[in-house]
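K.L.:
Next comes upload_3.cif, mmCIF, C-alpha atoms:
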```
data_protein
loop_
_atom_site.group_PDB
_atom_site.id
_atom_site.type_symbol
_atom_site.label_atom_id
_atom_site.label_comp_id
_atom_site.auth_asym_id
_atom_site.auth_seq_id
_atom_site.Cartn_x
_atom_site.Cartn_y
_atom_site.Cartn_z
ATOM 1 C CA MET A 1 1.272 5.710 -7.543
ATOM 2 C CA SER A 2 -0.956 3.469 -9.594
ATOM 3 C CA GLY A 3 -4.416 4.210 -10.918
ATOM 4 C CA GLU A 4 -7.608 2.341 -10.165
ATOM 5 C CA SER A 5 -8.945 -0.796 -11.736
ATOM 6 C CA THR A 6 -9.539 -0.548 -15.465
ATOM 7 C CA SER A 7 -12.847 -2.328 -14.979
ATOM 8 C CA ARG A 8 -14.123 0.699 -13.085
ATOM 9 C CA ILE A 9 -12.625 3.685 -14.845
ATOM 10 C CA ALA A 10 -11.247 2.877 -18.292
ATOM 11 C CA ALA A 11 -13.313 4.270 -21.147
ATOM 12 C CA SER A 12 -14.343 2.149 -24.090
ATOM 13 C CA GLU A 13 -12.762 2.743 -27.487
ATOM 14 C CA ASN A 14 -16.017 4.391 -28.567
ATOM 15 C CA ALA A 15 -15.751 6.883 -25.707
ATOM 16 C CA ALA A 16 -12.032 7.449 -25.547
ATOM 17 C CA PRO A 17 -10.669 9.490 -22.616
ATOM 18 C CA VAL A 18 -9.456 13.022 -23.227
ATOM 19 C CA ALA A 19 -5.665 12.942 -22.943
ATOM 20 C CA THR A 20 -3.737 16.211 -22.732
ATOM 21 C CA LEU A 21 -0.720 16.777 -24.970
ATOM 22 C CA LYS A 22 2.158 18.686 -23.397
ATOM 23 C CA SER A 23 4.036 21.535 -25.036
ATOM 24 C CA PRO A 24 7.853 21.530 -25.251
ATOM 25 C CA ARG A 25 7.937 23.920 -22.282
ATOM 26 C CA GLU A 26 5.684 21.673 -20.223
ATOM 27 C CA LEU A 27 7.855 18.686 -21.075
ATOM 28 C CA GLU A 28 10.936 20.518 -19.826
ATOM 29 C CA ILE A 29 9.214 21.190 -16.505
ATOM 30 C CA MET A 30 8.178 17.548 -16.244
ATOM 31 C CA ARG A 31 11.716 16.482 -17.092
ATOM 32 C CA GLU A 32 12.917 18.488 -14.079
ATOM 33 C CA ALA A 33 10.237 16.941 -11.866
ATOM 34 C CA GLY A 34 11.344 13.542 -13.126
ATOM 35 C CA ARG A 35 14.987 14.238 -12.408
ATOM 36 C CA ILE A 36 14.163 15.275 -8.856
ATOM 37 C CA VAL A 37 12.061 12.229 -8.019
ATOM 38 C CA ALA A 38 14.720 9.918 -9.504
ATOM 39 C CA PHE A 39 17.288 11.672 -7.304
ATOM 40 C CA ALA A 40 15.061 11.267 -4.228
ATOM 41 C CA VAL A 41 14.461 7.563 -4.795
ATOM 42 C CA ARG A 42 18.175 6.958 -5.354
ATOM 43 C CA LYS A 43 19.082 8.843 -2.179
ATOM 44 C CA ALA A 44 16.646 6.727 -0.177
ATOM 45 C CA PHE A 45 17.902 3.458 -1.628
ATOM 46 C CA ASP A 46 21.519 4.523 -1.066
ATOM 47 C CA ALA A 47 20.590 4.304 2.630
ATOM 48 C CA LEU A 48 18.775 0.964 2.302
ATOM 49 C CA GLN A 49 20.191 -1.510 4.797
ATOM 50 C CA GLN A 50 19.012 -3.983 7.356
ATOM 51 C CA GLY A 51 17.599 -2.149 10.395
ATOM 52 C CA ILE A 52 16.407 1.039 8.703
ATOM 53 C CA THR A 53 12.701 1.810 9.061
ATOM 54 C CA THR A 54 10.376 2.643 6.197
ATOM 55 C CA ARG A 55 9.683 5.995 7.865
ATOM 56 C CA GLU A 56 13.407 6.818 7.742
ATOM 57 C CA LEU A 57 13.456 5.976 4.022
ATOM 58 C CA ASP A 58 10.441 8.225 3.533
ATOM 59 C CA ASP A 59 12.130 11.078 5.409
ATOM 60 C CA ILE A 60 15.187 10.804 3.153
ATOM 61 C CA ALA A 61 13.012 11.019 0.044
ATOM 62 C CA ARG A 62 11.088 14.035 1.362
ATOM 63 C CA GLN A 63 14.259 15.906 2.296
ATOM 64 C CA ALA A 64 15.788 15.176 -1.117
ATOM 65 C CA ILE A 65 12.716 16.479 -2.968
ATOM 66 C CA GLU A 66 12.483 19.619 -0.871
ATOM 67 C CA SER A 67 16.234 20.270 -1.129
ATOM 68 C CA GLU A 68 15.726 20.596 -4.905
ATOM 69 C CA GLY A 69 12.925 23.128 -4.484
ATOM 70 C CA ALA A 70 10.143 20.722 -5.442
ATOM 71 C CA LYS A 71 7.102 19.443 -3.568
ATOM 72 C CA PRO A 72 6.335 15.825 -2.660
ATOM 73 C CA GLY A 73 3.652 14.705 -5.091
ATOM 74 C CA PHE A 74 1.998 12.048 -2.933
ATOM 75 C CA LEU A 75 1.934 13.768 0.474
ATOM 76 C CA GLY A 76 -1.711 14.507 1.240
ATOM 77 C CA LEU A 77 -2.919 13.284 -2.164
ATOM 78 C CA TYR A 78 -6.311 11.596 -1.604
ATOM 79 C CA GLY A 79 -5.321 11.732 2.077
ATOM 80 C CA PHE A 80 -2.110 9.689 1.718
ATOM 81 C CA PRO A 81 0.018 10.454 4.817
ATOM 82 C CA ALA A 82 3.581 10.218 3.476
ATOM 83 C CA THR A 83 5.977 11.300 0.734
ATOM 84 C CA ALA A 84 6.490 7.817 -0.710
ATOM 85 C CA CYS A 85 4.591 4.563 -0.936
ATOM 86 C CA ILE A 86 6.935 1.923 0.491
ATOM 87 C CA SER A 87 5.817 -1.659 -0.048
ATOM 88 C CA ILE A 88 7.624 -4.788 1.170
ATOM 89 C CA ASN A 89 7.493 -8.394 -0.046
ATOM 90 C CA GLU A 90 3.818 -9.324 -0.630
ATOM 91 C CA GLU A 91 2.826 -5.640 -0.596
ATOM 92 C CA ILE A 92 2.257 -4.456 -4.160
ATOM 93 C CA VAL A 93 1.590 -0.712 -3.958
ATOM 94 C CA HIS A 94 0.531 2.110 -1.621
ATOM 95 C CA GLY A 95 2.341 0.874 1.483
ATOM 96 C CA ILE A 96 2.398 3.495 4.257
ATOM 97 C CA PRO A 97 5.844 4.198 5.763
ATOM 98 C CA GLY A 98 6.120 3.688 9.499
ATOM 99 C CA ASP A 99 8.060 1.810 12.161
ATOM 100 C CA ARG A 100 8.523 -1.362 10.126
ATOM 101 C CA VAL A 101 12.183 -2.363 10.094
ATOM 102 C CA VAL A 102 13.713 -3.572 6.839
ATOM 103 C CA LYS A 103 15.233 -7.044 7.098
ATOM 104 C CA SER A 104 17.853 -8.716 4.946
ATOM 105 C CA GLY A 105 16.154 -10.379 1.997
ATOM 106 C CA ASP A 106 13.152 -8.041 1.943
ATOM 107 C CA LEU A 107 11.864 -6.894 -1.426
ATOM 108 C CA VAL A 108 11.466 -3.147 -0.949
ATOM 109 C CA THR A 109 9.558 -0.974 -3.415
ATOM 110 C CA MET A 110 9.575 2.814 -3.246
ATOM 111 C CA ASP A 111 6.969 4.635 -5.345
ATOM 112 C CA CYS A 112 7.330 8.409 -5.196
ATOM 113 C CA GLY A 113 6.367 11.625 -6.965
ATOM 114 C CA ALA A 114 7.587 15.218 -7.151
ATOM 115 C CA ILE A 115 5.877 18.399 -8.319
ATOM 116 C CA VAL A 116 7.644 21.272 -10.104
ATOM 117 C CA ASP A 117 5.646 24.362 -11.109
ATOM 118 C CA GLY A 118 2.430 22.377 -10.835
ATOM 119 C CA TYR A 119 3.546 19.396 -12.946
ATOM 120 C CA ASN A 120 3.906 15.862 -11.589
ATOM 121 C CA SER A 121 6.392 13.039 -11.939
ATOM 122 C CA ASP A 122 5.924 9.433 -10.807
ATOM 123 C CA HIS A 123 8.634 6.811 -10.325
ATOM 124 C CA ALA A 124 8.953 3.395 -8.666
ATOM 125 C CA VAL A 125 11.898 1.072 -8.086
ATOM 126 C CA THR A 126 12.242 -2.277 -6.292
ATOM 127 C CA TYR A 127 15.431 -3.500 -4.616
ATOM 128 C CA VAL A 128 16.288 -6.509 -2.502
ATOM 129 C CA ALA A 129 17.735 -5.460 0.849
ATOM 130 C CA GLY A 130 20.839 -7.489 1.695
ATOM 131 C CA SER A 131 20.974 -11.101 0.570
ATOM 132 C CA SER A 132 18.720 -12.230 -2.257
ATOM 133 C CA THR A 133 17.526 -15.460 -3.868
ATOM 134 C CA ARG A 134 17.208 -16.656 -7.453
ATOM 135 C CA GLU A 135 13.413 -16.243 -7.286
ATOM 136 C CA LYS A 136 13.660 -12.654 -6.081
ATOM 137 C CA ASP A 137 16.315 -11.741 -8.628
ATOM 138 C CA ASP A 138 14.248 -13.261 -11.435
ATOM 139 C CA LEU A 139 11.146 -11.373 -10.289
ATOM 140 C CA VAL A 140 12.983 -8.049 -10.095
ATOM 141 C CA ASN A 141 14.750 -8.503 -13.422
ATOM 142 C CA THR A 142 11.587 -9.607 -15.224
ATOM 143 C CA THR A 143 9.624 -6.626 -13.909
ATOM 144 C CA ARG A 144 12.341 -4.156 -14.869
ATOM 145 C CA GLU A 145 12.673 -5.694 -18.312
ATOM 146 C CA SER A 146 8.907 -5.625 -18.847
ATOM 147 C CA LEU A 147 8.921 -1.895 -18.134
ATOM 148 C CA GLU A 148 11.643 -1.485 -20.764
ATOM 149 C CA MET A 149 9.503 -3.440 -23.247
ATOM 150 C CA GLY A 150 6.487 -1.249 -22.484
ATOM 151 C CA ILE A 151 8.512 1.926 -22.943
ATOM 152 C CA LYS A 152 9.797 0.762 -26.344
ATOM 153 C CA ALA A 153 6.167 0.380 -27.473
ATOM 154 C CA ALA A 154 5.278 3.952 -26.434
ATOM 155 C CA ARG A 155 5.675 5.471 -29.889
ATOM 156 C CA PRO A 156 3.464 7.784 -31.978
ATOM 157 C CA GLY A 157 0.955 5.792 -34.012
ATOM 158 C CA ASN A 158 0.917 2.855 -31.607
ATOM 159 C CA ARG A 159 -1.935 2.358 -29.176
ATOM 160 C CA VAL A 160 -2.168 1.931 -25.433
ATOM 161 C CA GLY A 161 -2.736 -1.780 -25.980
ATOM 162 C CA ASP A 162 0.659 -2.087 -27.633
ATOM 163 C CA ILE A 163 2.292 -1.005 -24.368
ATOM 164 C CA SER A 164 0.089 -3.375 -22.381
ATOM 165 C CA ASN A 165 0.774 -6.315 -24.669
ATOM 166 C CA ALA A 166 4.536 -5.713 -24.724
ATOM 167 C CA ILE A 167 4.592 -5.945 -20.917
ATOM 168 C CA GLU A 168 2.353 -8.994 -20.754
ATOM 169 C CA SER A 169 4.263 -10.806 -23.502
ATOM 170 C CA HIS A 170 7.474 -10.509 -21.499
ATOM 171 C CA VAL A 171 6.082 -11.431 -18.080
ATOM 172 C CA LEU A 172 3.767 -14.389 -18.618
ATOM 173 C CA PRO A 173 6.353 -16.667 -20.295
ATOM 174 C CA MET A 174 8.475 -16.241 -17.159
ATOM 175 C CA SER A 175 5.701 -17.895 -15.072
ATOM 176 C CA PHE A 176 4.884 -14.690 -13.226
ATOM 177 C CA GLU A 177 1.542 -12.881 -13.122
ATOM 178 C CA LEU A 178 0.524 -9.256 -13.696
ATOM 179 C CA VAL A 179 -1.722 -7.270 -11.374
ATOM 180 C CA ARG A 180 -4.958 -6.469 -13.191
ATOM 181 C CA GLU A 181 -6.677 -4.270 -10.625
ATOM 182 C CA TYR A 182 -4.176 -1.381 -10.665
ATOM 183 C CA VAL A 183 -2.766 0.289 -13.753
ATOM 184 C CA GLY A 184 -0.487 2.957 -15.176
ATOM 185 C CA HIS A 185 -1.849 6.308 -16.293
ATOM 186 C CA GLY A 186 -1.365 9.581 -18.043
ATOM 187 C CA ILE A 187 0.304 12.306 -15.996
ATOM 188 C CA GLY A 188 0.733 16.087 -16.053
ATOM 189 C CA LYS A 189 -0.855 18.785 -13.906
ATOM 190 C CA ASP A 190 -2.733 15.925 -12.253
ATOM 191 C CA LEU A 191 -0.921 12.822 -11.080
ATOM 192 C CA HIS A 192 -3.602 10.638 -12.644
ATOM 193 C CA GLU A 193 -4.769 11.685 -16.097
ATOM 194 C CA PRO A 194 -6.198 9.726 -19.032
ATOM 195 C CA PRO A 195 -5.437 7.306 -20.501
ATOM 196 C CA GLN A 196 -5.270 4.297 -18.219
ATOM 197 C CA ILE A 197 -2.362 1.942 -19.060
ATOM 198 C CA PRO A 198 -3.146 -1.694 -18.167
ATOM 199 C CA ASN A 199 -0.205 -4.062 -17.971
ATOM 200 C CA PHE A 200 -1.999 -6.760 -19.942
ATOM 201 C CA GLY A 201 -4.238 -7.102 -22.971
ATOM 202 C CA PRO A 202 -4.201 -7.358 -26.782
ATOM 203 C CA ALA A 203 -2.088 -5.148 -29.008
ATOM 204 C CA GLY A 204 -3.711 -2.639 -31.342
ATOM 205 C CA HIS A 205 -6.449 -1.509 -28.953
ATOM 206 C CA GLY A 206 -7.058 1.633 -26.923
ATOM 207 C CA LEU A 207 -6.129 5.267 -27.366
ATOM 208 C CA GLU A 208 -3.753 6.114 -30.230
ATOM 209 C CA LEU A 209 -0.468 7.487 -28.904
ATOM 210 C CA ARG A 210 0.597 10.956 -30.046
ATOM 211 C CA ALA A 211 3.673 13.101 -29.514
ATOM 212 C CA GLY A 212 3.237 15.248 -26.408
ATOM 213 C CA LEU A 213 1.465 12.571 -24.389
ATOM 214 C CA VAL A 214 3.150 11.735 -21.082
ATOM 215 C CA LEU A 215 2.527 8.373 -19.435
ATOM 216 C CA ALA A 216 3.384 6.725 -16.140
ATOM 217 C CA ILE A 217 4.075 3.141 -17.201
ATOM 218 C CA GLU A 218 4.234 0.802 -14.212
ATOM 219 C CA PRO A 219 4.167 -2.992 -14.379
ATOM 220 C CA MET A 220 3.316 -4.727 -11.089
ATOM 221 C CA VAL A 221 4.391 -8.365 -11.242
ATOM 222 C CA ASN A 222 3.516 -11.133 -8.785
ATOM 223 C CA ALA A 223 5.307 -14.398 -8.116
ATOM 224 C CA GLY A 224 1.918 -16.009 -7.491
ATOM 225 C CA GLY A 225 -1.582 -15.171 -8.699
ATOM 226 C CA TRP A 226 -2.789 -11.793 -9.963
ATOM 227 C CA LYS A 227 -5.521 -11.105 -7.397
ATOM 228 C CA THR A 228 -5.111 -8.488 -4.670
ATOM 229 C CA ARG A 229 -6.623 -7.311 -1.420
ATOM 230 C CA ILE A 230 -6.374 -4.095 0.615
ATOM 231 C CA LEU A 231 -5.221 -4.112 4.239
ATOM 232 C CA ASP A 232 -7.190 -2.548 7.068
ATOM 233 C CA ASP A 233 -5.229 0.707 6.762
ATOM 234 C CA GLY A 234 -7.290 1.368 3.620
ATOM 235 C CA TRP A 235 -4.178 1.885 1.496
ATOM 236 C CA THR A 236 -1.742 -1.004 1.353
ATOM 237 C CA VAL A 237 -2.459 -3.385 -1.530
ATOM 238 C CA VAL A 238 -1.107 -6.927 -1.103
ATOM 239 C CA THR A 239 -1.204 -10.133 -3.112
ATOM 240 C CA GLU A 240 -4.237 -12.204 -2.193
ATOM 241 C CA ASP A 241 -2.075 -15.323 -1.842
ATOM 242 C CA ASP A 242 0.765 -13.508 0.024
ATOM 243 C CA ALA A 243 3.194 -14.189 -2.831
ATOM 244 C CA LEU A 244 6.036 -11.749 -3.502
ATOM 245 C CA SER A 245 5.408 -8.721 -5.716
ATOM 246 C CA CYS A 246 7.599 -6.252 -7.601
ATOM 247 C CA HIS A 247 6.912 -2.814 -9.104
ATOM 248 C CA PHE A 248 8.857 -0.545 -11.458
ATOM 249 C CA GLU A 249 7.648 2.741 -12.946
ATOM 250 C CA HIS A 250 8.913 5.527 -15.189
ATOM 251 C CA THR A 251 7.311 8.729 -16.372
ATOM 252 C CA VAL A 252 7.694 8.647 -20.162
ATOM 253 C CA ALA A 253 7.158 11.375 -22.767
ATOM 254 C CA ILE A 254 6.099 10.311 -26.260
ATOM 255 C CA THR A 255 7.957 12.327 -28.900
ATOM 256 C CA GLU A 256 8.203 12.186 -32.688
ATOM 257 C CA ASP A 257 11.593 10.551 -32.201
ATOM 258 C CA GLY A 258 10.240 7.899 -29.809
ATOM 259 C CA PRO A 259 9.797 7.530 -26.045
ATOM 260 C CA VAL A 260 11.877 9.629 -23.653
ATOM 261 C CA VAL A 261 12.173 8.580 -20.007
ATOM 262 C CA LEU A 262 11.793 11.647 -17.780
ATOM 263 C CA THR A 263 12.427 10.023 -14.402
ATOM 264 C CA VAL A 264 16.222 9.829 -14.655
ATOM 265 C CA GLU A 265 18.940 11.934 -13.052
#
```
Could you write out this structure as structure tokens?
P.N.:
Amino acid sequence: MSGESTSRIAASENAAPVATLKSPRELEIMREAGRIVAFAVRKAFDALQQGITTRELDDIARQAIESEGAKPGFLGLYGFPATACISINEEIVHGIPGDRVVKSGDLVTMDCGAIVDGYNSDHAVTYVAGSSTREKDDLVNTTRESLEMGIKAARPGNRVGDISNAIESHVLPMSFELVREYVGHGIGKDLHEPPQIPNFGPAGHGLELRAGLVLAIEPMVNAGGWKTRILDDGWTVVTEDDALSCHFEHTVAITEDGPVVLTVE
């Protein structure tokens, strides 16, 4: 689940946000939370087929999380009414599961979190249901690859801007755009902690990265322009021009040996 616009909440470099560093024990707990949410998202997408509803996908994710003894991280958070954000096609983030039926060719994003012993994980994946197109495949592959580039930049001594720039430098040459109004974030006891992680911007700026910091890195890539709007439900964020959008996210721990992805089975 993405954070708010950097224009509203990001601190300046002269007033850097307070980011919490996690102990080895805390990282082990977050690794377990990450494993569980990765398991839940996989279970839901294993069932992805034409005719399934987004509510059914959400139910699968909730049951998977609870079967592992964890709690859904998004359910009730800020009033969100479901376990997962499920966004389709032009929907970018925060889609509310319901009676919508998945059709062949739909771009389906599931963004989900799990809580273990009070610590959060956050994970998003996009798949194409059924038959795809070259445009959709390129969008999905570019977004996934940009996340990989951002993760590689999440090393001690680098800065937040190095992550942002690595993502942007991969996406823009592919003639896609990056959402500017929603960003990645730190994560721990709270789902959204400092620092904010924009998916664009110059390298060498922002908070210095240190071992023990845990980040939710989440590029949101549009096939059209970068601007967004919110639907009348007050949650679902869509592209302003109704172009397709894609979203991938991992929870990543920064260690002395480099970045470690926590949201894997």
K.L.:
Excluding segment 176-186 of chain A and its own-chain neighbours fewer than 3 positions away, which residues fall within 9 Å of it when counting all atoms listed in the file? Please give them as number ranges by chain.
P.N.:
A: 1-7, 19-20, 92-93, 139, 142, 167-168, 171-173, 190-200, 213-228, 239, 249, 251
K.L.:
Applied to the shown file, which residues does the PyMOL selection byres ((chain A and resi 100) around 10) return, written as a list in words?
P.N.:
Gly51, Ile52, Thr53, Thr54, Arg55, Glu56, Ile88, Ile96, Pro97, Gly98, Asp99, Val101, Val102 and Lys103 of chain A
K.L.:
Smallest atom-to-atom distance to Asn158 of chain A: which of A:Val261, A:Val41, A:Leu209, A:Ile29, using all atoms listed in the file?
P.N.:
A:Leu209
K.L.:
Any chance you could resolve the PyMOL selection byres ((chain A and resi 120-136) around 7) against this file and give the residues as a PDB file with C-alpha atoms, in the frame of the given file?
P.N.:
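Contents of expr27.pdb, as written:
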```pdb
ATOM      1  CA  MET A   1       1.272   5.710  -7.543  1.00  0.00           C
ATOM      2  CA  MET A  30       8.178  17.548 -16.244  1.00  0.00           C
ATOM      3  CA  ALA A  33      10.237  16.941 -11.866  1.00  0.00           C
ATOM      4  CA  GLY A  34      11.344  13.542 -13.126  1.00  0.00           C
ATOM      5  CA  VAL A  37      12.061  12.229  -8.019  1.00  0.00           C
ATOM      6  CA  ALA A  38      14.720   9.918  -9.504  1.00  0.00           C
ATOM      7  CA  LEU A  48      18.775   0.964   2.302  1.00  0.00           C
ATOM      8  CA  GLN A  49      20.191  -1.510   4.797  1.00  0.00           C
ATOM      9  CA  GLN A  50      19.012  -3.983   7.356  1.00  0.00           C
ATOM     10  CA  GLY A  73       3.652  14.705  -5.091  1.00  0.00           C
ATOM     11  CA  LYS A 103      15.233  -7.044   7.098  1.00  0.00           C
ATOM     12  CA  SER A 104      17.853  -8.716   4.946  1.00  0.00           C
ATOM     13  CA  GLY A 105      16.154 -10.379   1.997  1.00  0.00           C
ATOM     14  CA  ASP A 106      13.152  -8.041   1.943  1.00  0.00           C
ATOM     15  CA  LEU A 107      11.864  -6.894  -1.426  1.00  0.00           C
ATOM     16  CA  VAL A 108      11.466  -3.147  -0.949  1.00  0.00           C
ATOM     17  CA  THR A 109       9.558  -0.974  -3.415  1.00  0.00           C
ATOM     18  CA  MET A 110       9.575   2.814  -3.246  1.00  0.00           C
ATOM     19  CA  ASP A 111       6.969   4.635  -5.345  1.00  0.00           C
ATOM     20  CA  CYS A 112       7.330   8.409  -5.196  1.00  0.00           C
ATOM     21  CA  GLY A 113       6.367  11.625  -6.965  1.00  0.00           C
ATOM     22  CA  ALA A 114       7.587  15.218  -7.151  1.00  0.00           C
ATOM     23  CA  ILE A 115       5.877  18.399  -8.319  1.00  0.00           C
ATOM     24  CA  VAL A 116       7.644  21.272 -10.104  1.00  0.00           C
ATOM     25  CA  GLY A 118       2.430  22.377 -10.835  1.00  0.00           C
ATOM     26  CA  TYR A 119       3.546  19.396 -12.946  1.00  0.00           C
ATOM     27  CA  ASP A 137      16.315 -11.741  -8.628  1.00  0.00           C
ATOM     28  CA  ASP A 138      14.248 -13.261 -11.435  1.00  0.00           C
ATOM     29  CA  LEU A 139      11.146 -11.373 -10.289  1.00  0.00           C
ATOM     30  CA  VAL A 140      12.983  -8.049 -10.095  1.00  0.00           C
ATOM     31  CA  ILE A 187       0.304  12.306 -15.996  1.00  0.00           C
ATOM     32  CA  GLY A 188       0.733  16.087 -16.053  1.00  0.00           C
ATOM     33  CA  LYS A 189      -0.855  18.785 -13.906  1.00  0.00           C
ATOM     34  CA  ASP A 190      -2.733  15.925 -12.253  1.00  0.00           C
ATOM     35  CA  LEU A 191      -0.921  12.822 -11.080  1.00  0.00           C
ATOM     36  CA  ALA A 216       3.384   6.725 -16.140  1.00  0.00           C
ATOM     37  CA  CYS A 246       7.599  -6.252  -7.601  1.00  0.00           C
ATOM     38  CA  HIS A 247       6.912  -2.814  -9.104  1.00  0.00           C
ATOM     39  CA  PHE A 248       8.857  -0.545 -11.458  1.00  0.00           C
ATOM     40  CA  GLU A 249       7.648   2.741 -12.946  1.00  0.00           C
ATOM     41  CA  HIS A 250       8.913   5.527 -15.189  1.00  0.00           C
ATOM     42  CA  THR A 251       7.311   8.729 -16.372  1.00  0.00           C
ATOM     43  CA  THR A 263      12.427  10.023 -14.402  1.00  0.00           C
TER      44      THR A 263
END
```
K.L.:
Can you tell me how far atom CA of Ala70 of chain A sits from atom CA of Ile36 of chain A, in Å to one decimal?
P.N.:
7.6 Å
K.L.:
Take the PyMOL selection byres ((chain A and resi 231) around 12), apply it to the structure above, and return the hits as a PyMOL selection string.
P.N.:
chain A and resi 90-96+228-230+232-240+242
K.L.:
So how many Å separate atom CA of Thr83 of chain A and atom CA of Arg62 of chain A, to one decimal?
P.N.:
5.8 Å
K.L.:
List every protein, DNA or RNA residue that has an atom no more than 12 Å from (7.8, 0.2, -25.7) in the file's coordinate frame, counting all atoms listed in the file, and report them as a ChimeraX atom specification.
P.N.:
/A:145-156,158-170,199,203,209,215,217,250,252-254,258-261
K.L.:
Compute the distance from (20.4, 15.9, -1.2) to each atom, counting only C-alpha atoms, keep the residues with any atom at most 10 Å away, and return them as a list of chain:residue names; use the coordinates of the file.
P.N.:
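Every residue inside that radius is included here: A:Ile36, A:Phe39, A:Ala40, A:Lys43, A:Ala44, A:Ile60, A:Ala61, A:Arg62, A:Gln63, A:Ala64, A:Ile65, A:Glu66, A:Ser67, A:Glu68.
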K.L.:
Between atom CA of Arg144 of chain A and atom CA of Ser245 of chain A, measure the distance and give it in Å to one decimal.
P.N.:
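Taking atom CA of Arg144 of chain A and atom CA of Ser245 of chain A, their separation equals 12.4 Å.
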K.L.:
Mind working out the centre and edge lengths of an axis-aligned box for segment 171-176 of chain A, all listed atoms inside, 5 Å added to each side, rounded to one decimal in Å and written as JSON?
P.N.:
```
{"center_x": 6.1, "center_y": -14.7, "center_z": -16.8, "size_x": 14.7, "size_y": 16.5, "size_z": 17.1}
```
K.L.:
Between A:Leu57, A:Gly69, A:Val18, A:Gly157, which has the minimum distance to Cys85 of chain A (counting all atoms listed in the file)?
P.N.:
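The shortest atom-to-atom distance to Cys85 of chain A comes from A:Leu57.
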K.L.:
A:Glu256, A:Pro72, A:Ser87, A:Ser175: which is nearest Arg210 of chain A, counting all atoms listed in the file?
P.N.:
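Once distances to Arg210 of chain A are computed over all atoms listed in the file, the minimum belongs to A:Glu256.
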K.L.:
Measuring between all atoms listed in the file, which one of A:Glu208, A:Asp58, A:Glu28, A:Asp241 shows the shortest distance to Leu262 of chain A?
P.N.:
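Closest to Leu262 of chain A, using all atoms listed in the file: A:Glu28.
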K.L.:
Write out N, CA and C atoms for segment 86-101 of chain A, as a PDB file, in the coordinates of the input.
P.N.:
```
ATOM      1  N   ILE A  86       5.863   2.901   0.303  1.00  0.00           N
ATOM      2  CA  ILE A  86       6.935   1.923   0.491  1.00  0.00           C
ATOM      3  C   ILE A  86       6.296   0.576   0.795  1.00  0.00           C
ATOM      4  N   SER A  87       6.488  -0.364  -0.110  1.00  0.00           N
ATOM      5  CA  SER A  87       5.817  -1.659  -0.048  1.00  0.00           C
ATOM      6  C   SER A  87       6.866  -2.764   0.029  1.00  0.00           C
ATOM      7  N   ILE A  88       6.625  -3.753   0.896  1.00  0.00           N
ATOM      8  CA  ILE A  88       7.624  -4.788   1.170  1.00  0.00           C
ATOM      9  C   ILE A  88       7.045  -6.180   0.919  1.00  0.00           C
ATOM     10  N   ASN A  89       7.785  -6.981   0.191  1.00  0.00           N
ATOM     11  CA  ASN A  89       7.493  -8.394  -0.046  1.00  0.00           C
ATOM     12  C   ASN A  89       6.152  -8.605  -0.739  1.00  0.00           C
ATOM     13  N   GLU A  90       5.120  -9.057  -0.016  1.00  0.00           N
ATOM     14  CA  GLU A  90       3.818  -9.324  -0.630  1.00  0.00           C
ATOM     15  C   GLU A  90       3.009  -8.054  -0.855  1.00  0.00           C
ATOM     16  N   GLU A  91       3.501  -6.916  -0.356  1.00  0.00           N
ATOM     17  CA  GLU A  91       2.826  -5.640  -0.596  1.00  0.00           C
ATOM     18  C   GLU A  91       3.138  -5.176  -2.017  1.00  0.00           C
ATOM     19  N   ILE A  92       2.093  -4.816  -2.748  1.00  0.00           N
ATOM     20  CA  ILE A  92       2.257  -4.456  -4.160  1.00  0.00           C
ATOM     21  C   ILE A  92       2.480  -2.966  -4.317  1.00  0.00           C
ATOM     22  N   VAL A  93       1.534  -2.167  -3.840  1.00  0.00           N
ATOM     23  CA  VAL A  93       1.590  -0.712  -3.958  1.00  0.00           C
ATOM     24  C   VAL A  93       0.924  -0.070  -2.742  1.00  0.00           C
ATOM     25  N   HIS A  94       1.216   1.225  -2.570  1.00  0.00           N
ATOM     26  CA  HIS A  94       0.531   2.110  -1.621  1.00  0.00           C
ATOM     27  C   HIS A  94       0.807   1.780  -0.159  1.00  0.00           C
ATOM     28  N   GLY A  95       1.955   1.125   0.104  1.00  0.00           N
ATOM     29  CA  GLY A  95       2.341   0.874   1.483  1.00  0.00           C
ATOM     30  C   GLY A  95       2.654   2.167   2.214  1.00  0.00           C
ATOM     31  N   ILE A  96       2.197   2.287   3.457  1.00  0.00           N
ATOM     32  CA  ILE A  96       2.398   3.495   4.257  1.00  0.00           C
ATOM     33  C   ILE A  96       3.670   3.354   5.084  1.00  0.00           C
ATOM     34  N   PRO A  97       4.628   4.269   4.948  1.00  0.00           N
ATOM     35  CA  PRO A  97       5.844   4.198   5.763  1.00  0.00           C
ATOM     36  C   PRO A  97       5.524   4.332   7.249  1.00  0.00           C
ATOM     37  N   GLY A  98       6.336   3.651   8.052  1.00  0.00           N
ATOM     38  CA  GLY A  98       6.120   3.688   9.499  1.00  0.00           C
ATOM     39  C   GLY A  98       7.302   3.107  10.236  1.00  0.00           C
ATOM     40  N   ASP A  99       7.022   2.349  11.298  1.00  0.00           N
ATOM     41  CA  ASP A  99       8.060   1.810  12.161  1.00  0.00           C
ATOM     42  C   ASP A  99       8.590   0.454  11.694  1.00  0.00           C
ATOM     43  N   ARG A 100       8.055  -0.062  10.597  1.00  0.00           N
ATOM     44  CA  ARG A 100       8.523  -1.362  10.126  1.00  0.00           C
ATOM     45  C   ARG A 100      10.003  -1.303   9.799  1.00  0.00           C
ATOM     46  N   VAL A 101      10.741  -2.281  10.301  1.00  0.00           N
ATOM     47  CA  VAL A 101      12.183  -2.363  10.094  1.00  0.00           C
ATOM     48  C   VAL A 101      12.470  -3.257   8.890  1.00  0.00           C
TER      49      VAL A 101
END
```
